[in-house]
$ cat coords38.cif   # mmCIF, C-alpha atoms
data_my_file
#
loop_
_atom_site.label_atom_id
_atom_site.label_comp_id
_atom_site.auth_asym_id
_atom_site.auth_seq_id
_atom_site.Cartn_x
_atom_site.Cartn_y
_atom_site.Cartn_z
CA MET S 1 -5.21 26.67 13.17
CA LYS S 2 -4.78 25.17 16.60
CA ILE S 3 -1.66 23.05 16.91
CA GLU S 4 -1.90 19.81 18.85
CA TRP S 5 1.48 19.28 20.48
CA VAL S 6 2.89 15.93 21.53
CA PRO S 7 2.37 15.63 25.33
CA LYS S 8 5.39 15.51 27.62
CA ASN S 9 4.38 12.23 29.26
CA VAL S 10 4.56 10.05 26.16
CA PRO S 11 5.98 6.60 27.11
CA ILE S 12 9.65 6.17 26.24
CA GLU S 13 8.90 3.23 23.93
CA ARG S 14 6.63 5.41 21.78
CA ARG S 15 9.34 8.05 21.65
CA ARG S 16 11.79 5.42 20.38
CA GLN S 17 9.30 4.41 17.71
CA THR S 18 8.82 8.03 16.63
CA PHE S 19 12.59 8.52 16.48
CA ALA S 20 13.01 5.38 14.34
CA MET S 21 10.23 6.46 11.97
CA ALA S 22 11.57 10.00 11.59
CA PHE S 23 15.16 8.82 11.19
CA VAL S 24 14.29 6.37 8.41
CA ILE S 25 12.04 8.82 6.52
CA PHE S 26 14.44 11.77 6.72
CA THR S 27 17.51 9.65 5.94
CA VAL S 28 15.97 8.27 2.74
CA MET S 29 14.72 11.72 1.71
CA LEU S 30 18.04 13.45 2.38
CA LEU S 31 20.14 10.77 0.71
CA SER S 32 17.87 10.66 -2.35
CA LEU S 33 18.46 14.36 -2.99
CA GLY S 34 21.74 14.92 -1.19
CA SER S 35 23.64 12.22 -3.06
CA TYR S 36 23.21 14.11 -6.34
CA PHE S 37 24.36 17.39 -4.76
CA LEU S 38 27.35 15.64 -3.18
CA VAL S 39 28.44 14.08 -6.46
CA ALA S 40 27.95 17.37 -8.34
CA ALA S 41 29.89 19.31 -5.69
CA LEU S 42 32.83 16.91 -5.80
CA LEU S 43 32.89 16.97 -9.61
CA PHE S 44 32.83 20.77 -9.82
CA TYR S 45 34.75 21.79 -6.72
CA GLY S 46 36.80 18.75 -5.75
CA ASN S 47 40.46 18.29 -6.56
CA LEU S 48 41.74 15.85 -9.17
CA PHE S 49 41.69 12.95 -6.72
CA TRP S 50 38.01 13.36 -5.82
CA ARG S 51 36.97 14.00 -9.41
CA THR S 52 38.71 10.79 -10.48
CA ILE S 53 37.07 8.80 -7.69
CA ILE S 54 33.62 10.13 -8.57
CA VAL S 55 34.02 9.43 -12.29
CA ILE S 56 35.20 5.87 -11.58
CA TYR S 57 32.27 5.37 -9.17
CA LEU S 58 29.69 6.65 -11.66
CA VAL S 59 31.07 4.44 -14.43
CA TYR S 60 30.98 1.47 -12.05
CA VAL S 61 27.34 2.21 -11.10
CA PHE S 62 26.29 2.37 -14.75
CA VAL S 63 28.20 -0.71 -15.90
CA ASP S 64 27.25 -2.78 -12.84
CA HIS S 65 23.57 -1.97 -13.26
CA ARG S 66 23.65 -2.89 -16.94
CA ARG S 67 25.40 -6.16 -16.13
CA THR S 68 23.67 -7.31 -12.91
CA HIS S 69 20.57 -5.06 -12.59
CA THR S 70 22.06 -4.23 -9.13
CA ILE S 71 20.39 -7.36 -7.72
CA MET S 72 21.64 -8.89 -4.50
CA ASP S 73 21.08 -12.64 -4.63
CA GLY S 74 19.81 -14.16 -1.41
CA ASN S 75 18.58 -12.09 1.52
CA GLY S 76 21.79 -10.15 2.02
CA TRP S 77 23.08 -9.34 5.48
CA LYS S 78 20.30 -10.09 7.97
CA ILE S 79 21.40 -7.19 10.20
CA ASN S 80 20.31 -4.80 7.42
CA ARG S 81 16.82 -6.32 7.33
CA ASN S 82 16.15 -7.15 10.96
CA ASN S 83 17.45 -4.74 13.58
CA TRP S 84 16.44 -2.40 16.42
CA LEU S 85 15.80 0.56 14.13
CA PHE S 86 13.49 -1.20 11.69
CA ARG S 87 11.63 -3.12 14.41
CA HIS S 88 10.77 0.19 16.05
CA PHE S 89 9.84 1.61 12.65
CA ARG S 90 7.42 -1.33 12.24
CA ASP S 91 5.98 -0.92 15.73
CA TYR S 92 5.38 2.82 15.24
CA PHE S 93 2.33 2.20 13.03
CA PRO S 94 2.29 -0.85 13.74
CA VAL S 95 2.67 -2.91 10.55
CA GLN S 96 1.31 -6.46 10.65
CA LEU S 97 1.45 -9.41 8.26
CA VAL S 98 -1.42 -11.88 7.87
CA LYS S 99 -1.03 -15.24 6.16
CA THR S 100 -4.11 -16.81 4.58
CA ALA S 101 -2.47 -19.56 2.50
CA GLU S 102 0.79 -21.44 2.15
CA LEU S 103 3.46 -20.33 -0.29
CA PRO S 104 5.34 -23.55 -1.08
CA PRO S 105 9.04 -22.83 -1.69
CA ASN S 106 9.11 -24.97 -4.84
CA LYS S 107 8.15 -22.08 -7.12
CA ASN S 108 8.63 -18.32 -7.48
CA TYR S 109 5.97 -15.68 -6.88
CA ILE S 110 4.84 -12.26 -8.02
CA MET S 111 3.19 -10.51 -5.09
CA ALA S 112 0.60 -8.25 -6.76
CA SER S 113 0.40 -5.60 -4.05
CA PHE S 114 -2.25 -2.95 -3.42
CA PRO S 115 -2.76 -0.14 -2.61
CA HIS S 116 0.40 1.86 -3.23
CA GLY S 117 -0.49 4.66 -0.82
CA ILE S 118 2.01 7.52 -0.54
CA LEU S 119 4.99 5.41 0.54
CA GLY S 120 4.11 1.72 0.07
CA THR S 121 4.95 1.30 3.76
CA GLY S 122 3.39 -2.10 4.49
CA ILE S 123 5.20 -3.88 1.68
CA SER S 124 8.45 -2.01 2.29
CA ILE S 125 8.59 -3.06 5.94
CA ASN S 126 7.28 -6.63 5.71
CA MET S 127 9.30 -7.61 2.63
CA GLY S 128 12.19 -5.17 2.77
CA LEU S 129 13.30 -3.47 5.97
CA ASP S 130 12.20 -5.95 8.66
CA ILE S 131 11.69 -9.41 7.21
CA SER S 132 11.52 -11.24 10.56
CA LYS S 133 7.71 -11.70 10.40
CA TRP S 134 7.86 -12.78 6.77
CA LEU S 135 10.46 -15.46 7.45
CA GLU S 136 8.36 -16.81 10.33
CA LEU S 137 5.30 -17.20 8.11
CA PHE S 138 6.96 -18.08 4.80
CA PRO S 139 10.21 -19.94 5.48
CA GLN S 140 12.52 -20.64 2.54
CA VAL S 141 10.88 -17.85 0.48
CA ARG S 142 13.11 -14.81 -0.12
CA PRO S 143 11.19 -11.52 0.03
CA LYS S 144 12.03 -8.86 -2.55
CA VAL S 145 10.45 -5.47 -3.29
CA ALA S 146 10.48 -4.12 -6.85
CA THR S 147 10.94 -0.39 -7.34
CA LEU S 148 11.72 2.04 -10.17
CA ASP S 149 14.77 1.15 -12.23
CA GLN S 150 16.19 4.66 -12.05
CA ASN S 151 16.51 4.37 -8.26
CA PHE S 152 19.42 2.00 -8.80
CA LEU S 153 21.36 4.64 -10.69
CA THR S 154 21.17 7.03 -7.71
CA PRO S 155 24.55 7.25 -5.95
CA ILE S 156 24.68 5.86 -2.41
CA VAL S 157 20.93 5.16 -2.34
CA ARG S 158 21.35 2.23 -4.73
CA GLY S 159 23.49 0.47 -2.13
CA LEU S 160 20.89 0.94 0.59
CA LEU S 161 18.06 -0.29 -1.62
CA ARG S 162 20.09 -3.31 -2.61
CA SER S 163 20.88 -4.19 1.01
CA TRP S 164 17.16 -3.98 1.86
CA GLY S 165 16.23 -6.55 -0.77
CA CYS S 166 14.87 -4.05 -3.28
CA VAL S 167 15.17 -4.90 -6.97
CA SER S 168 14.49 -3.11 -10.22
CA VAL S 169 11.00 -3.50 -11.65
CA SER S 170 12.52 -3.71 -15.13
CA LYS S 171 11.70 -6.70 -17.30
CA ASP S 172 15.24 -8.09 -17.28
CA ALA S 173 15.56 -7.91 -13.50
CA LEU S 174 12.22 -9.62 -12.92
CA VAL S 175 12.97 -12.38 -15.40
CA TYR S 176 16.33 -12.97 -13.71
CA LEU S 177 14.74 -13.44 -10.28
CA LEU S 178 11.58 -15.26 -11.30
CA THR S 179 13.39 -17.88 -13.38
CA LYS S 180 15.79 -18.82 -10.58
CA SER S 181 15.99 -22.52 -9.82
CA ASN S 182 13.89 -23.93 -6.98
CA ASP S 183 16.15 -26.97 -6.57
CA PRO S 184 17.52 -27.09 -3.00
CA LYS S 185 20.80 -28.44 -4.39
CA HIS S 186 21.30 -25.57 -6.83
CA LYS S 187 24.27 -23.33 -6.05
CA ASP S 188 22.02 -20.25 -5.82
CA ASN S 189 20.09 -21.88 -2.96
CA ARG S 190 22.95 -22.60 -0.60
CA ASP S 191 21.41 -20.11 1.84
CA GLY S 192 18.59 -22.58 2.55
CA PHE S 193 16.01 -20.62 0.55
CA THR S 194 14.59 -22.06 -2.67
CA SER S 195 12.04 -19.47 -3.76
CA ASN S 196 11.84 -15.76 -4.63
CA ALA S 197 8.75 -13.66 -3.94
CA VAL S 198 8.89 -10.28 -5.67
CA ALA S 199 6.40 -7.64 -4.55
CA ILE S 200 5.18 -5.30 -7.29
CA LEU S 201 3.06 -2.28 -6.40
CA VAL S 202 1.02 -2.65 -9.56
CA GLY S 203 -0.79 0.69 -9.37
CA GLY S 204 2.49 2.56 -9.12
CA ALA S 205 2.69 6.34 -9.43
CA GLN S 206 -0.88 6.68 -10.72
CA GLU S 207 -2.31 4.91 -7.70
CA ALA S 208 -0.23 7.11 -5.40
CA LEU S 209 -1.93 10.18 -6.88
CA ASP S 210 -5.31 8.82 -5.77
CA SER S 211 -4.18 8.06 -2.21
CA HIS S 212 -6.20 9.83 0.49
CA PRO S 213 -7.23 8.59 3.96
CA GLY S 214 -10.24 6.32 3.90
CA LYS S 215 -10.26 6.02 0.10
CA TYR S 216 -9.28 2.66 -1.35
CA ILE S 217 -8.75 3.42 -5.03
CA ILE S 218 -6.56 0.94 -6.88
CA THR S 219 -5.27 1.03 -10.45
CA VAL S 220 -5.27 -2.38 -12.09
CA LYS S 221 -7.83 -2.61 -14.91
CA ASN S 222 -5.30 -1.75 -17.60
CA ARG S 223 -2.23 -3.11 -15.81
CA LYS S 224 -1.55 -6.52 -17.31
CA GLY S 225 2.23 -6.50 -17.55
CA PHE S 226 2.63 -8.34 -14.24
CA VAL S 227 0.29 -11.09 -15.50
CA LYS S 228 2.31 -11.48 -18.70
CA MET S 229 5.51 -11.64 -16.66
CA ALA S 230 4.02 -14.35 -14.45
CA ILE S 231 3.02 -16.42 -17.49
CA ARG S 232 6.40 -16.00 -19.20
CA THR S 233 8.29 -17.11 -16.10
CA GLY S 234 5.74 -19.63 -14.77
CA SER S 235 5.45 -17.71 -11.49
CA SER S 236 2.31 -17.82 -9.39
CA ILE S 237 0.56 -14.50 -8.69
CA VAL S 238 -0.25 -13.77 -5.05
CA PRO S 239 -2.68 -10.87 -4.46
CA THR S 240 -1.83 -8.90 -1.33
CA PHE S 241 -3.72 -6.00 0.22
CA SER S 242 -2.38 -3.56 2.82
CA PHE S 243 -5.32 -2.29 4.87
CA GLY S 244 -4.60 1.10 6.43
CA GLU S 245 -1.89 2.01 3.91
CA VAL S 246 -3.85 5.01 2.65
CA ASP S 247 -4.51 6.32 6.17
CA ILE S 248 -0.99 7.11 7.37
CA LEU S 249 -0.57 10.17 5.11
CA ASP S 250 -2.81 12.56 3.22
CA GLN S 251 -1.67 14.81 0.39
CA VAL S 252 -2.55 18.24 -0.95
CA ALA S 253 -5.98 18.11 -2.60
CA ASN S 254 -5.54 17.00 -6.22
CA PRO S 255 -8.93 16.08 -7.71
CA PRO S 256 -8.93 14.96 -11.37
CA ASN S 257 -8.58 17.82 -13.88
CA SER S 258 -7.41 20.24 -11.18
CA SER S 259 -4.30 22.35 -11.86
CA VAL S 260 -2.39 20.37 -9.22
CA ARG S 261 -3.32 17.02 -10.79
CA ARG S 262 -2.49 18.23 -14.31
CA PHE S 263 0.96 19.27 -13.13
CA GLN S 264 1.46 15.94 -11.33
CA ASP S 265 0.34 14.00 -14.41
CA PHE S 266 2.78 15.96 -16.58
CA VAL S 267 5.74 15.26 -14.29
CA LYS S 268 4.72 11.60 -14.02
CA ARG S 269 4.66 11.22 -17.81
CA VAL S 270 8.12 12.77 -18.11
CA THR S 271 9.88 11.13 -15.14
CA GLY S 272 7.71 8.18 -14.10
CA VAL S 273 7.55 9.67 -10.58
CA SER S 274 4.52 11.36 -9.01
CA PRO S 275 5.45 14.68 -7.33
CA LEU S 276 3.33 14.27 -4.21
CA ILE S 277 3.01 16.84 -1.43
CA PRO S 278 2.38 14.74 1.71
CA VAL S 279 0.33 16.02 4.63
CA GLY S 280 0.98 14.30 7.94
CA ARG S 281 2.42 15.14 11.34
CA GLY S 282 5.64 16.53 12.77
CA ILE S 283 8.06 15.12 15.31
CA PHE S 284 6.64 17.27 18.13
CA ASN S 285 3.09 17.88 16.90
CA TYR S 286 0.15 15.96 15.47
CA THR S 287 -1.24 18.80 13.33
CA PHE S 288 1.13 19.38 10.43
CA GLY S 289 4.27 17.98 8.86
CA ILE S 290 5.35 15.37 6.32
CA LEU S 291 5.81 12.40 8.64
CA PRO S 292 3.30 9.51 8.67
CA ASN S 293 0.63 9.28 11.34
CA ARG S 294 0.30 6.31 13.68
CA ARG S 295 -2.22 4.13 11.88
CA ARG S 296 -2.22 0.35 11.82
CA ILE S 297 -1.27 -1.26 8.51
CA VAL S 298 -2.21 -4.90 7.96
CA GLN S 299 -0.84 -6.63 4.88
CA VAL S 300 -3.00 -9.63 4.04
CA VAL S 301 -1.33 -12.19 1.78
CA GLY S 302 -3.82 -14.08 -0.37
CA SER S 303 -3.76 -17.45 -2.07
CA PRO S 304 -1.45 -18.09 -5.05
CA ILE S 305 -2.99 -18.04 -8.50
CA ASP S 306 -1.09 -20.58 -10.58
CA VAL S 307 -0.46 -20.00 -14.27
CA VAL S 308 0.57 -22.10 -17.25
CA LYS S 309 4.02 -21.06 -18.42
CA SER S 310 4.27 -19.75 -21.98
CA ALA S 311 6.93 -17.72 -23.76
CA GLN S 312 4.19 -16.01 -25.78
CA PRO S 313 1.21 -15.37 -23.48
CA ASP S 314 -2.14 -15.70 -25.22
CA PRO S 315 -4.16 -12.45 -24.79
CA ALA S 316 -7.29 -14.38 -23.84
CA TYR S 317 -5.39 -16.30 -21.16
CA VAL S 318 -3.84 -13.08 -19.87
CA ASP S 319 -7.33 -11.59 -19.52
CA LYS S 320 -8.54 -14.69 -17.70
CA ILE S 321 -5.75 -14.58 -15.10
CA HIS S 322 -6.08 -10.80 -14.80
CA THR S 323 -9.78 -11.19 -14.01
CA GLN S 324 -8.96 -13.80 -11.37
CA VAL S 325 -6.57 -11.36 -9.68
CA ILE S 326 -9.20 -8.59 -9.61
CA GLU S 327 -11.84 -10.95 -8.23
CA ALA S 328 -9.42 -12.16 -5.56
CA LEU S 329 -8.73 -8.56 -4.52
CA LYS S 330 -12.45 -7.79 -4.29
CA LYS S 331 -13.06 -10.87 -2.18
CA MET S 332 -10.08 -10.11 0.07
CA PHE S 333 -11.23 -6.53 0.63
CA ASP S 334 -14.80 -7.53 1.49
CA GLN S 335 -13.68 -10.38 3.73
CA TYR S 336 -11.15 -8.46 5.83
CA LYS S 337 -12.17 -4.81 5.80
CA GLY S 338 -14.39 -5.29 8.85
CA GLN S 339 -11.39 -6.52 10.83
CA TYR S 340 -8.78 -4.01 9.72
CA ILE S 341 -10.52 -0.78 8.64
CA PRO S 342 -12.24 1.70 10.99
CA ASN S 343 -15.76 2.54 9.78
CA ALA S 344 -15.62 -0.38 7.38
CA LYS S 345 -19.29 -0.01 6.42
CA ASN S 346 -18.45 3.23 4.64
CA SER S 347 -15.36 1.83 2.88
CA GLU S 348 -15.59 0.65 -0.70
CA LEU S 349 -12.98 -0.65 -3.08
CA VAL S 350 -12.82 1.47 -6.25
CA ILE S 351 -11.02 -0.20 -9.14
CA HIS S 352 -9.61 1.91 -11.97
#

$ encode --input "coords38.cif" --output "structure tokens"
Amino acid sequence: MKIEWVPKNVPIERRRQTFAMAFVIFTVMLLSLGSYFLVAALLFYGNLFWRTIIVIYLVYVFVDHRRTHTIMDGNGWKINRNNWLFRHFRDYFPVQLVKTAELPPNKNYIMASFPHGILGTGISINMGLDISKWLELFPQVRPKVATLDQNFLTPIVRGLLRSWGCVSVSKDALVYLLTKSNDPKHKDNRDGFTSNAVAILVGGAQEALDSHPGKYIITVKNRKGFVKMAIRTGSSIVPTFSFGEVDILDQVANPPNSSVRRFQDFVKRVTGVSPLIPVGRGIFNYTFGILPNRRRIVQVVGSPIDVVKSAQPDPAYVDKIHTQVIEALKKMFDQYKGQYIPNAKNSELVIH
């Protein structure tokens, strides 16, 4: 295999972008695993002081999550969601945000987001790490990104996720956010924002398993929980599609019924997490590694689909709204793929 090395004369701005991308990816990876090892090491090998501190911290994490779902009201500290590092991370791909309709700040929203890809990069940047573009296009609407509930029980990492506007995708956490008052005079809206928009990567771990460059395979046919949540809370559903999301990383071949896929499906059933083996680039080469490639990601935000609030959603009404979401995604893909996907004529949207 011939290795394609990064040339020496790469512009300094691109080097900064690569540094930012690598720093963010490796930091999250190392903290996700390293935090458990650090806690275990201090419990087993630390002195009485450190063992006491760790036990108190773990009890606090558990109790706080049960009580507050680890949600940070408002947008948190802006410096954590709009800074040099994350702007360069955005520009590495680059990640763009396209507005096609207004999101009035007098209601709350579920952003039904597709595709998941390997990392969910478009959503994570636009509505989590660097919210500057979002706030320009959708003022007074707080962006939030929903992720697995167990992530908020991970030491250290839970604090980072919270500061980036991430929230648990659990039912209780979503209800808490999506039933927040939209009254400008309400005490929860003293920050000048009156609406919450919570992004849910509906396809989740299953959709991640189907992610390969050039293949737009989304999992939504049997995913109706987000529709029921929208109806119960009276939140509008906004379909969003991130073109290019599947192109930044490949993964080890895992066709259905292969030994690799069977193993991944087993782990996913047990843990809720897909054990993916990403295939990308390195810091100093373009041939192999686990870092994302430079590919443009464009998140297109569609028009809100309003629902009639009901504590007990009627199955027929759920199916009706669910069908509207799927049709909106099809229309969005066909309308914008020519603008944002290379070789768009050969790209089709496959819905599972």

$ resolve_selection --input "coords38.cif" --expression "the PyMOL selection byres ((chain S and resi 279) around 9)" --output "short mmCIF file (atom, residue, chain, number, x, y, z; two decimals) with C-alpha atoms, in the coordinates of the input"
data_model
loop_
_atom_site.label_atom_id
_atom_site.label_comp_id
_atom_site.auth_asym_id
_atom_site.auth_seq_id
_atom_site.Cartn_x
_atom_site.Cartn_y
_atom_site.Cartn_z
CA LEU S 249 -0.57 10.17 5.11
CA ASP S 250 -2.81 12.56 3.22
CA GLN S 251 -1.67 14.81 0.39
CA VAL S 252 -2.55 18.24 -0.95
CA ILE S 277 3.01 16.84 -1.43
CA PRO S 278 2.38 14.74 1.71
CA GLY S 280 0.98 14.30 7.94
CA ARG S 281 2.42 15.14 11.34
CA PHE S 288 1.13 19.38 10.43
CA GLY S 289 4.27 17.98 8.86
CA ILE S 290 5.35 15.37 6.32
CA LEU S 291 5.81 12.40 8.64
CA PRO S 292 3.30 9.51 8.67
#

$ closest_residue --input "coords38.cif" --among "S:Lys133, S:Lys331, S:Lys2, S:Lys309" --to "Lys99 of chain S" --atoms "all atoms listed in the file"
S:Lys133

$ resolve_selection --input "coords38.cif" --expression "the PyMOL selection byres ((chain S and resi 276) around 12)" --output "MDAnalysis selection string"
chainID S and resid 117:119 205:212 249:254 260:261 263:265 267:268 273:275 277:279 290

$ residues_around --input "coords38.cif" --residues "Asp91 of chain S" --least-positions-apart "6" --cutoff "10 Å" --atoms "only C-alpha atoms" --output "list in words"
Glu13, Arg14, Arg16, Gln17, Thr18, Ala20, Met21, Arg294 and Arg296 of chain S

$ write_last_selection --input "coords38.cif" --atoms "C-alpha atoms" --output "PDB file, in the frame of the given file"
ATOM      1  CA  GLU S  13       8.900   3.230  23.930  1.00  0.00           C
ATOM      2  CA  ARG S  14       6.630   5.410  21.780  1.00  0.00           C
ATOM      3  CA  ARG S  16      11.790   5.420  20.380  1.00  0.00           C
ATOM      4  CA  GLN S  17       9.300   4.410  17.710  1.00  0.00           C
ATOM      5  CA  THR S  18       8.820   8.030  16.630  1.00  0.00           C
ATOM      6  CA  ALA S  20      13.010   5.380  14.340  1.00  0.00           C
ATOM      7  CA  MET S  21      10.230   6.460  11.970  1.00  0.00           C
ATOM      8  CA  ARG S 294       0.300   6.310  13.680  1.00  0.00           C
ATOM      9  CA  ARG S 296      -2.220   0.350  11.820  1.00  0.00           C
TER      10      ARG S 296
END

$ resolve_selection --input "coords38.cif" --expression "the PyMOL selection byres ((chain S and resi 180-186) around 8)" --output "MDAnalysis selection string"
chainID S and resid 105:108 176:179 187:190 192:196

$ residues_around --input "coords38.cif" --residues "Thr154 of chain S" --least-positions-apart "5" --cutoff "8 Å" --atoms "all atoms listed in the file" --output "PDB file with C-alpha atoms, in the frame of the given file"
ATOM      1  CA  SER S  32      17.870  10.660  -2.350  1.00  0.00           C
ATOM      2  CA  SER S  35      23.640  12.220  -3.060  1.00  0.00           C
ATOM      3  CA  TYR S  36      23.210  14.110  -6.340  1.00  0.00           C
TER       4      TYR S  36
END

$ atom_distance --input "coords38.cif" --atom1 "atom CA of Phe23 of chain S" --atom2 "atom CA of Val141 of chain S"
29.1 Å

$ closest_residue --input "coords38.cif" --among "S:Ser258, S:Ser113, S:Ser310, S:Asn293" --to "Ala230 of chain S" --atoms "only C-alpha atoms"
S:Ser310

$ closest_residue --input "coords38.cif" --among "S:Lys224, S:Gly203, S:Ile110, S:Ile53" --to "Tyr317 of chain S" --atoms "all atoms listed in the file"
S:Lys224

$ atom_distance --input "coords38.cif" --atom1 "atom CA of Phe93 of chain S" --atom2 "atom CA of Glu327 of chain S"
28.7 Å

$ closest_residue --input "coords38.cif" --among "S:Leu349, S:Ile123, S:Met111, S:Met72" --to "Asp334 of chain S" --atoms "all atoms listed in the file"
S:Leu349

$ atom_distance --input "coords38.cif" --atom1 "atom CA of Ile125 of chain S" --atom2 "atom CA of Val95 of chain S"
7.5 Å

$ closest_residue --input "coords38.cif" --among "S:Phe152, S:Phe243, S:Phe226, S:Tyr340" --to "Leu58 of chain S" --atoms "all atoms listed in the file"
S:Phe152

$ residues_near_point --input "coords38.cif" --point "(15.1, -7.8, -6.7)" --cutoff "8 Å" --atoms "only C-alpha atoms" --output "JSON, numbers by chain"
{"S": [71, 72, 73, 144, 145, 146, 162, 165, 166, 167, 168, 169, 173, 174, 177, 198]}

$ closest_residue --input "coords38.cif" --among "S:Ser163, S:Leu31, S:Gly244, S:His88" --to "Arg15 of chain S" --atoms "all atoms listed in the file"
S:His88

$ residues_around --input "coords38.cif" --residues "Ser303 of chain S" --least-positions-apart "5" --cutoff "12 Å" --atoms "all atoms listed in the file" --output "ChimeraX atom specification"
/S:98-104,109-112,236-241,324-325,328-329,331-332

$ residues_around --input "coords38.cif" --residues "Asn83 of chain S" --least-positions-apart "6" --cutoff "10 Å" --atoms "only C-alpha atoms" --output "PyMOL selection string"
chain S and resi 89+129-132
